[in-house]
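Novice: Below is the file model.txt, with compact mmCIF, C-alpha atoms.
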# COMPACT_ATOMS: atom_id res chain seq x y z
CA MET A 146 66.08 90.28 80.04
CA GLU A 147 68.44 88.14 82.12
CA ARG A 148 68.35 88.97 85.80
CA VAL A 149 71.71 90.21 87.11
CA PRO A 150 72.82 88.78 90.46
CA LYS A 151 74.45 91.07 92.99
CA LEU A 152 77.57 88.96 93.50
CA ALA A 153 79.71 86.47 91.58
CA VAL A 154 81.74 83.74 93.27
CA ILE A 155 84.63 82.41 91.14
CA ILE A 156 86.09 78.98 91.92
CA PRO A 157 88.92 77.39 89.89
CA ALA A 158 88.91 73.60 90.14
CA TYR A 159 91.40 70.96 89.05
CA ASN A 160 91.07 67.24 89.90
CA ASP A 161 89.03 68.02 93.00
CA GLU A 162 86.50 65.21 92.92
CA ALA A 163 87.07 64.47 96.63
CA VAL A 164 86.37 68.01 97.88
CA ILE A 165 84.51 70.11 95.30
CA ALA A 166 81.02 69.11 96.46
CA ARG A 167 81.78 70.14 100.04
CA THR A 168 83.16 73.48 98.88
CA LEU A 169 80.20 74.22 96.59
CA ASN A 170 77.73 73.22 99.28
CA SER A 171 79.32 75.72 101.68
CA VAL A 172 78.83 78.43 99.04
CA ALA A 173 75.31 77.39 98.03
CA ALA A 174 74.19 77.32 101.69
CA GLN A 175 75.20 80.95 102.32
CA SER A 176 72.69 83.15 104.13
CA PHE A 177 73.10 85.59 101.21
CA ARG A 178 71.43 84.06 98.17
CA ASP A 179 71.59 86.60 95.31
CA MET A 180 74.68 85.31 93.52
CA GLU A 181 76.10 83.33 90.64
CA VAL A 182 78.75 80.70 91.26
CA ILE A 183 81.18 80.29 88.36
CA VAL A 184 83.21 77.09 88.67
CA VAL A 185 86.05 76.90 86.16
CA ASN A 186 87.02 73.28 85.52
CA ASP A 187 90.70 73.67 84.68
CA GLY A 188 91.11 70.60 82.48
CA SER A 189 90.43 68.05 85.23
CA THR A 190 90.99 64.39 84.35
CA ASP A 191 88.85 62.98 87.18
CA ARG A 192 85.11 63.33 88.03
CA THR A 193 85.32 67.02 88.98
CA ALA A 194 83.30 68.25 85.98
CA SER A 195 80.54 65.66 86.35
CA ILE A 196 80.14 66.46 90.06
CA ILE A 197 79.83 70.16 89.27
CA GLU A 198 77.29 69.41 86.54
CA THR A 199 75.18 67.42 88.99
CA LEU A 200 75.23 70.22 91.55
CA ALA A 201 74.45 72.80 88.84
CA ARG A 202 71.30 70.88 87.89
CA GLU A 203 70.20 71.08 91.53
CA ASP A 204 71.10 74.76 91.93
CA PRO A 205 70.78 77.04 88.86
CA ARG A 206 73.07 79.62 90.46
CA ILE A 207 76.01 77.26 89.83
CA ARG A 208 77.58 77.45 86.38
CA LEU A 209 80.27 75.13 85.01
CA VAL A 210 82.89 76.58 82.66
CA ASN A 211 85.32 74.12 81.06
CA THR A 212 88.78 75.18 79.94
CA GLU A 213 92.10 73.57 79.08
CA ASN A 214 94.49 73.16 81.99
CA GLY A 215 96.46 76.36 82.52
CA GLY A 216 96.68 76.78 86.28
CA PRO A 217 94.58 78.72 88.80
CA ALA A 218 95.59 82.18 87.54
CA LEU A 219 94.29 81.59 84.03
CA ALA A 220 91.25 79.76 85.40
CA ARG A 221 90.34 82.77 87.55
CA ASN A 222 90.78 85.04 84.52
CA ARG A 223 88.42 82.79 82.59
CA GLY A 224 85.95 83.08 85.44
CA LEU A 225 86.22 86.88 85.37
CA ASP A 226 85.46 86.81 81.64
CA CYS A 227 82.27 84.83 82.33
CA VAL A 228 80.82 87.08 85.04
CA THR A 229 77.39 88.43 84.09
CA PRO A 230 77.75 92.13 83.10
CA GLY A 231 76.36 94.38 85.80
CA VAL A 232 77.33 92.20 88.78
CA GLU A 233 78.33 94.54 91.63
CA TRP A 234 80.68 92.35 93.67
CA LEU A 235 83.21 89.56 93.13
CA THR A 236 84.81 87.06 95.46
CA PHE A 237 87.09 84.06 95.00
CA VAL A 238 87.07 80.69 96.73
CA ASP A 239 89.59 77.88 96.34
CA SER A 240 88.12 74.52 95.39
CA ASP A 241 89.10 72.71 98.60
CA ASP A 242 88.14 75.40 101.14
CA GLU A 243 84.88 76.56 102.75
CA LEU A 244 83.03 79.72 103.70
CA ALA A 245 81.46 80.36 107.07
CA PRO A 246 77.64 80.23 106.69
CA ASN A 247 77.25 84.04 106.86
CA ALA A 248 80.49 84.96 105.08
CA LEU A 249 79.05 86.68 102.01
CA GLU A 250 76.35 88.50 103.97
CA ARG A 251 78.91 89.81 106.45
CA LEU A 252 81.34 90.89 103.70
CA LEU A 253 78.59 92.82 101.92
CA GLU A 254 77.50 94.46 105.17
CA GLY A 255 81.11 95.46 105.82
CA ALA A 256 81.49 96.94 102.35
CA GLY A 257 78.84 99.59 102.85
CA PRO A 258 78.24 102.01 99.99
CA GLU A 259 81.82 103.19 99.47
CA ALA A 260 84.35 100.37 99.94
CA ASP A 261 86.11 99.03 96.83
CA LEU A 262 87.75 96.14 98.66
CA VAL A 263 86.84 94.26 101.85
CA LEU A 264 89.34 92.11 103.75
CA CYS A 265 88.25 89.61 106.38
CA GLY A 266 90.02 87.18 108.68
CA PHE A 267 90.53 83.50 107.95
CA THR A 268 91.02 80.28 109.87
CA ILE A 269 93.50 77.55 108.97
CA PHE A 270 92.11 74.10 109.79
CA ASN A 271 95.04 71.78 110.44
CA PRO A 272 94.90 68.00 109.81
CA ASP A 273 95.22 67.31 113.56
CA GLY A 274 92.02 69.22 114.31
CA THR A 275 93.67 72.39 115.62
CA THR A 276 93.01 75.81 114.10
CA ASN A 277 94.86 79.11 113.64
CA ASP A 278 93.07 82.43 113.19
CA TYR A 279 94.46 85.41 111.27
CA PHE A 280 92.68 88.76 111.40
CA GLU A 281 92.95 92.47 112.08
CA GLN A 282 90.62 94.71 114.04
CA GLU A 283 87.73 96.36 112.18
CA LYS A 284 88.74 99.41 110.15
CA ARG A 285 87.47 101.53 107.28
CA LEU A 286 90.45 103.04 105.50
CA SER A 287 90.78 105.97 103.12
CA ARG A 288 93.87 105.96 100.93
CA ARG A 289 95.79 108.04 103.47
CA GLN A 290 94.73 105.75 106.30
CA LEU A 291 95.58 102.71 104.18
CA GLY A 292 99.12 104.03 103.92
CA ARG A 293 99.39 104.10 107.70
CA GLU A 294 97.88 100.62 108.10
CA LEU A 295 99.59 98.93 105.14
CA VAL A 296 102.37 97.32 107.16
CA ASN A 297 99.91 95.94 109.73
CA LEU A 298 97.76 94.33 107.04
CA TYR A 299 100.90 92.96 105.41
CA LYS A 300 102.22 91.46 108.65
CA ALA A 301 98.80 90.00 109.44
CA ASN A 302 99.07 87.92 106.24
CA LEU A 303 95.89 89.47 104.82
CA LEU A 304 97.45 90.60 101.51
CA ASN A 305 98.89 87.31 100.22
CA GLN A 306 95.74 85.51 99.10
CA VAL A 307 92.90 86.41 96.76
CA TRP A 308 90.35 84.62 98.92
CA ALA A 309 88.81 86.06 102.12
CA LYS A 310 88.09 89.26 100.21
CA LEU A 311 85.27 91.06 98.44
CA PHE A 312 86.01 93.14 95.35
CA ARG A 313 83.87 95.83 93.76
CA ALA A 314 83.43 94.50 90.22
CA GLU A 315 83.51 97.97 88.67
CA LEU A 316 87.04 98.49 90.03
CA ILE A 317 88.34 95.34 88.33
CA VAL A 318 86.51 96.03 85.08
CA ARG A 319 87.51 99.71 84.93
CA GLN A 320 91.17 99.00 85.63
CA GLY A 321 91.25 95.87 83.44
CA LEU A 322 92.80 93.86 86.29
CA ARG A 323 93.74 90.24 85.64
CA PHE A 324 95.92 87.57 87.24
CA GLN A 325 99.40 87.13 85.84
CA ASP A 326 100.09 83.71 84.33
CA LEU A 327 102.13 82.32 87.23
CA ARG A 328 102.00 79.13 89.30
CA TRP A 329 102.81 80.91 92.56
CA GLY A 330 102.45 84.44 93.90
CA GLU A 331 99.81 85.58 91.42
CA ASP A 332 97.38 86.25 94.30
CA ARG A 333 99.46 88.90 96.00
CA LEU A 334 100.34 90.67 92.75
CA PHE A 335 96.62 90.91 91.95
CA ILE A 336 95.88 92.25 95.46
CA TYR A 337 98.62 94.89 95.12
CA ASP A 338 97.06 96.02 91.82
CA CYS A 339 93.67 96.32 93.53
CA LEU A 340 95.09 98.25 96.49
CA ALA A 341 96.83 100.65 94.10
CA CYS A 342 93.50 101.88 92.76
CA ALA A 343 91.06 101.26 95.65
CA GLN A 344 89.74 104.45 97.24
CA THR A 345 88.34 102.84 100.39
CA VAL A 346 89.27 99.52 102.00
CA ALA A 347 87.20 97.90 104.75
CA VAL A 348 88.73 95.41 107.19
CA LEU A 349 86.56 92.98 109.15
CA PRO A 350 87.81 91.06 112.21
CA ASP A 351 85.53 88.08 111.49
CA CYS A 352 87.25 84.87 110.36
CA LEU A 353 84.85 84.10 107.53
CA TYR A 354 87.05 81.93 105.31
CA ARG A 355 88.09 78.38 106.17
CA TYR A 356 91.41 77.29 104.69
CA ILE A 357 91.57 73.50 104.89
CA MET A 358 94.95 71.79 105.29
CA HIS A 359 94.69 68.17 104.16
CA PRO A 360 96.61 65.20 105.61
CA GLY A 361 100.00 64.88 103.96
CA GLU A 362 99.85 68.42 102.55
CA SER A 363 103.18 70.22 102.86
CA LEU A 364 103.49 73.50 104.75
CA THR A 365 105.96 74.63 102.09
CA THR A 366 105.29 75.14 98.41
CA ARG A 367 106.51 72.79 95.70
CA TYR A 368 109.64 73.77 93.83
CA TYR A 369 108.95 76.43 91.20
CA ASP A 370 111.82 77.70 89.08
CA LYS A 371 110.35 81.21 88.84
CA LYS A 372 109.66 81.64 92.56
CA LEU A 373 112.67 83.83 93.34
CA GLU A 374 111.90 86.06 90.36
CA ILE A 375 108.30 86.44 91.56
CA CYS A 376 109.48 87.25 95.09
CA PHE A 377 111.52 90.13 93.70
CA ARG A 378 108.57 91.26 91.61
CA ALA A 379 106.28 91.13 94.64
CA GLY A 380 108.83 93.04 96.72
CA GLU A 381 109.05 95.75 94.10
CA GLY A 382 105.25 95.86 93.88
CA MET A 383 104.91 96.32 97.62
CA GLU A 384 107.59 99.03 97.64
CA GLN A 385 105.78 100.91 94.86
CA LEU A 386 102.52 100.56 96.77
CA ARG A 387 104.19 101.81 99.96
CA LEU A 388 105.48 104.90 98.18
CA GLN A 389 102.20 105.53 96.36
CA LEU A 390 100.22 105.37 99.62
CA GLY A 391 102.79 107.33 101.60
CA ALA A 392 103.37 104.46 104.03
CA PRO A 393 106.35 105.10 106.33
CA GLU A 394 109.45 102.95 105.98
CA ASP A 395 109.34 100.07 108.43
CA GLY A 396 111.64 97.14 109.06
CA CYS A 397 108.61 94.86 108.90
CA PHE A 398 108.44 95.41 105.12
CA SER A 399 111.98 94.02 104.92
CA TYR A 400 111.05 91.13 107.19
CA MET A 401 108.05 90.19 105.03
CA PHE A 402 110.22 90.37 101.90
CA LEU A 403 112.84 88.09 103.47
CA LYS A 404 110.17 85.60 104.54
CA ASN A 405 109.55 85.03 100.83
CA ILE A 406 113.28 84.70 100.17
CA TRP A 407 113.62 82.12 102.92
CA SER A 408 110.73 80.19 101.40
CA CYS A 409 112.73 80.08 98.15
CA MET A 410 115.66 78.65 100.09
CA VAL A 411 113.46 76.01 101.72
CA ASN A 412 112.13 75.23 98.25
CA LEU A 413 115.54 73.78 97.39
CA TYR A 414 114.87 70.86 99.74
CA ASP A 415 111.37 70.06 98.57
CA PRO A 416 111.21 66.53 97.07
CA SER A 417 110.00 68.11 93.82
CA CYS A 418 113.21 70.14 93.38
CA PRO A 419 115.16 68.74 90.37
CA LEU A 420 118.39 70.66 91.03
CA THR A 421 121.64 68.84 91.67
CA ARG A 422 123.77 69.64 94.73
CA ARG A 423 126.01 71.82 92.58
CA GLU A 424 123.04 73.64 91.04
CA LYS A 425 121.63 74.32 94.52
CA ARG A 426 124.92 75.87 95.54
CA ASP A 427 124.94 78.03 92.40
CA TYR A 428 121.32 79.08 93.12
CA MET A 429 122.22 80.04 96.68
CA ARG A 430 125.38 81.87 95.60
CA ALA A 431 123.38 84.04 93.17
CA LEU A 432 120.71 84.68 95.80
CA LEU A 433 123.26 85.82 98.40
CA ALA A 434 124.97 88.11 95.89
CA ASP A 435 121.78 90.08 95.24
CA GLY A 436 122.00 93.59 96.66
CA ARG A 437 118.28 93.77 97.42
CA ILE A 438 118.46 90.77 99.73
CA GLN A 439 121.54 92.11 101.46
CA ALA A 440 119.90 95.51 101.97
CA HIS A 441 116.76 94.00 103.48
CA SER A 442 118.84 91.74 105.75
CA ARG A 443 120.26 94.88 107.38
CA THR A 444 116.89 96.54 108.05
CA ALA A 445 114.49 93.66 108.82
CA CYS A 446 112.84 93.65 112.22
CA GLY A 447 112.16 90.46 114.16
CA GLY A 448 113.16 88.25 117.06
CA PRO A 449 116.29 86.13 117.64
CA ALA A 450 115.51 83.64 114.85
CA VAL A 451 115.07 86.43 112.31
CA ARG A 452 118.25 88.15 113.43
CA LEU A 453 120.23 84.91 113.10
CA LEU A 454 118.85 84.22 109.63
CA CYS A 455 119.64 87.79 108.56
CA LEU A 456 123.15 87.44 109.93
CA ALA A 457 123.56 84.23 107.91
CA LEU A 458 122.49 86.09 104.76
CA ARG A 459 125.03 88.84 105.41
CA THR A 460 127.88 86.32 105.71
CA ARG A 461 127.15 85.31 102.10
CA SER A 462 128.24 81.80 103.06
CA VAL A 463 126.63 79.32 100.68
CA SER A 464 127.17 76.36 103.03
CA LEU A 465 125.80 78.17 106.07
CA ASN A 466 122.63 79.33 104.30
CA LEU A 467 122.02 75.92 102.73
CA ALA A 468 122.29 74.44 106.22
CA ALA A 469 119.79 77.03 107.49
CA ALA A 470 117.40 76.13 104.66
CA LYS A 471 117.73 72.44 105.49
CA ILE A 472 116.98 73.12 109.17
CA MET A 473 113.87 75.15 108.25
CA THR A 474 112.73 72.29 106.02
CA LEU A 475 113.20 69.76 108.84
CA VAL A 476 111.23 71.99 111.23
CA SER A 477 108.36 72.15 108.72
CA ARG A 478 108.23 68.34 108.63
CA LEU A 479 108.99 67.41 112.24
CA ALA A 480 107.39 70.33 114.09
CA PRO A 481 104.65 71.66 111.78
CA LYS A 482 102.90 73.66 114.52
CA LEU A 483 106.11 75.50 115.35
CA PHE A 484 106.87 76.07 111.68
CA LEU A 485 103.37 77.44 111.04
CA LYS A 486 103.69 79.73 114.05
CA LEU A 487 107.02 81.07 112.77
CA LYS A 488 105.80 81.29 109.18
CA HIS A 489 102.79 83.45 110.09
CA LYS A 490 104.37 85.34 112.97
CA LYS A 491 103.37 89.01 112.94
Show the structure stored in the file as structure tokens.
Specialist:
Amino acid sequence: MERVPKLAVIIPAYNDEAVIARTLNSVAAQSFRDMEVIVVNDGSTDRTASIIETLAREDPRIRLVNTENGGPALARNRGLDCVTPGVEWLTFVDSDDELAPNALERLLEGAGPEADLVLCGFTIFNPDGTTNDYFEQEKRLSRRQLGRELVNLYKANLLNQVWAKLFRAELIVRQGLRFQDLRWGEDRLFIYDCLACAQTVAVLPDCLYRYIMHPGESLTTRYYDKKLEICFRAGEGMEQLRLQLGAPEDGCFSYMFLKNIWSCMVNLYDPSCPLTRREKRDYMRALLADGRIQAHSRTACGGPAVRLLCLALRTRSVSLNLAAAKIMTLVSRLAPKLFLKLKHKK
């Protein structure tokens, strides 16, 4: 009978020949050893698959799964399908990031016997050698307590990514949870689904995940024509979760929603955006006419910059808001530290 490991690590990989070995070595060197590492090669056209094969020969815990290119969401779903039945815990790692040496051991300790989901802190490693830590104080939350703490976890940027978390496998299997086939935002939608059915959530203050920013990597996302639609979907998902958990209304929910809307506006000035000047104005006009955005602009909390941006939204001026988007884009390029500070401001 095949031995069942306690934990499965799922890593989607696409054209990562320069970084995949470093990432896998950080996983293989964990102080916790009883795991399987499922690396889904998402149709790479470089040496990614051969590097994984070499490492798998050296470490039998590593398993290569090849699939046609479909994006990280489908690759993670493929990884979930390949998990050995009976595995107790699941975690996800991106192919160009790293784990702290004791990350898995600490996550499992924090889970205890009752947690369905464990959240930990993470560190962003910037190209200039500086770092930024994101974490919340240690907590063990029942569903009622989760309702009270939901806004704090949301503001702390702990609910946007699928990494830096430990999932009870039974929860995902029982609920049939999978990632939606999207190129952006699929992480947070998956997390919201997990929070909707988790009975106990543990929060650890340790920054156990290392998010690596590479030289030349943009602080903003590439243009994606479905991004605004996904932002609305995520906003609705968070509002449903807030109501389900009995979380009180808070202007910070509106602020976090508008942060996503502003990222859509900045998206218009990414070099990958194919829209003409006229199409950008039409996009902005439709965005400003949306009642949900206008409602959130009246209730969002925040400092002077947030208040000014909300005021700009309420004017419904296409030119003014395009100018604001252009300024935010310039700040991201010319003052990345300031932009990152504003982007992740709690």
Novice: Would you mind listing what lies within 8 Å of Val154 in chain A as a count of residues only, with all atoms listed in the file counted and same-chain residues fewer than 5 positions away left out?
Specialist: 8
Novice: Which polymer residues, protein or nucleic acid, are no farther than 12 Å from (122.9, 88.8, 109.5), counting all atoms listed in the file, as a list in words?
Specialist: Leu403, Leu433, Ile438, Gln439, Ala440, His441, Ser442, Arg443, Thr444, Ala445, Cys446, Gly447, Pro449, Ala450, Val451, Arg452, Leu453, Leu454, Cys455, Leu456, Ala457, Leu458, Arg459, Thr460, Arg461, Ser462, Leu465 and Asn466 of chain A
Novice: Which residues, written as a ChimeraX atom specification, have at least one atom at most 6 Å from range 405-422 of chain A, with all atoms listed in the file counted and residues fewer than 5 positions away on the same chain left out?
Specialist: /A:368,470,474
Novice: For the interface of range 344-370 of chain A with range 283-303 of chain A (cut-off 10 Å, counting all atoms listed in the file), please tabulate each contacting residue of range 344-370 of chain A alongside its nearest pair of atoms and their separation in Å to one decimal, rows sorted by chain and increasing number, as CSV.
Specialist:
residue,atom,partner,partner_atom,distance
A:Gln344,CA,A:Arg288,CA,5.7
A:Thr345,CA,A:Ser287,CA,4.8
A:Val346,CA,A:Leu286,CA,5.1
A:Ala347,CA,A:Arg285,CA,4.4
A:Val348,CA,A:Lys284,CA,5.0
A:Leu349,CA,A:Glu283,CA,4.7
A:Pro350,CA,A:Glu283,CA,5.3
A:Asp351,CA,A:Glu283,CA,8.6
Novice: Using all atoms listed in the file, which of A:Pro150, A:Pro205, A:Gly224, A:Gly215 sits nearest Arg323 in chain A?
Specialist: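 Using all atoms listed in the file, Arg323 in chain A sits closest to A:Gly224.
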Novice: Which residue is closest to Tyr428 in chain A? Choose from A:Leu322, A:Ala309, A:Leu373, A:Ala256 and count all atoms listed in the file.
Specialist: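 With all atoms listed in the file as the atom set, the closest residue is A:Leu373.
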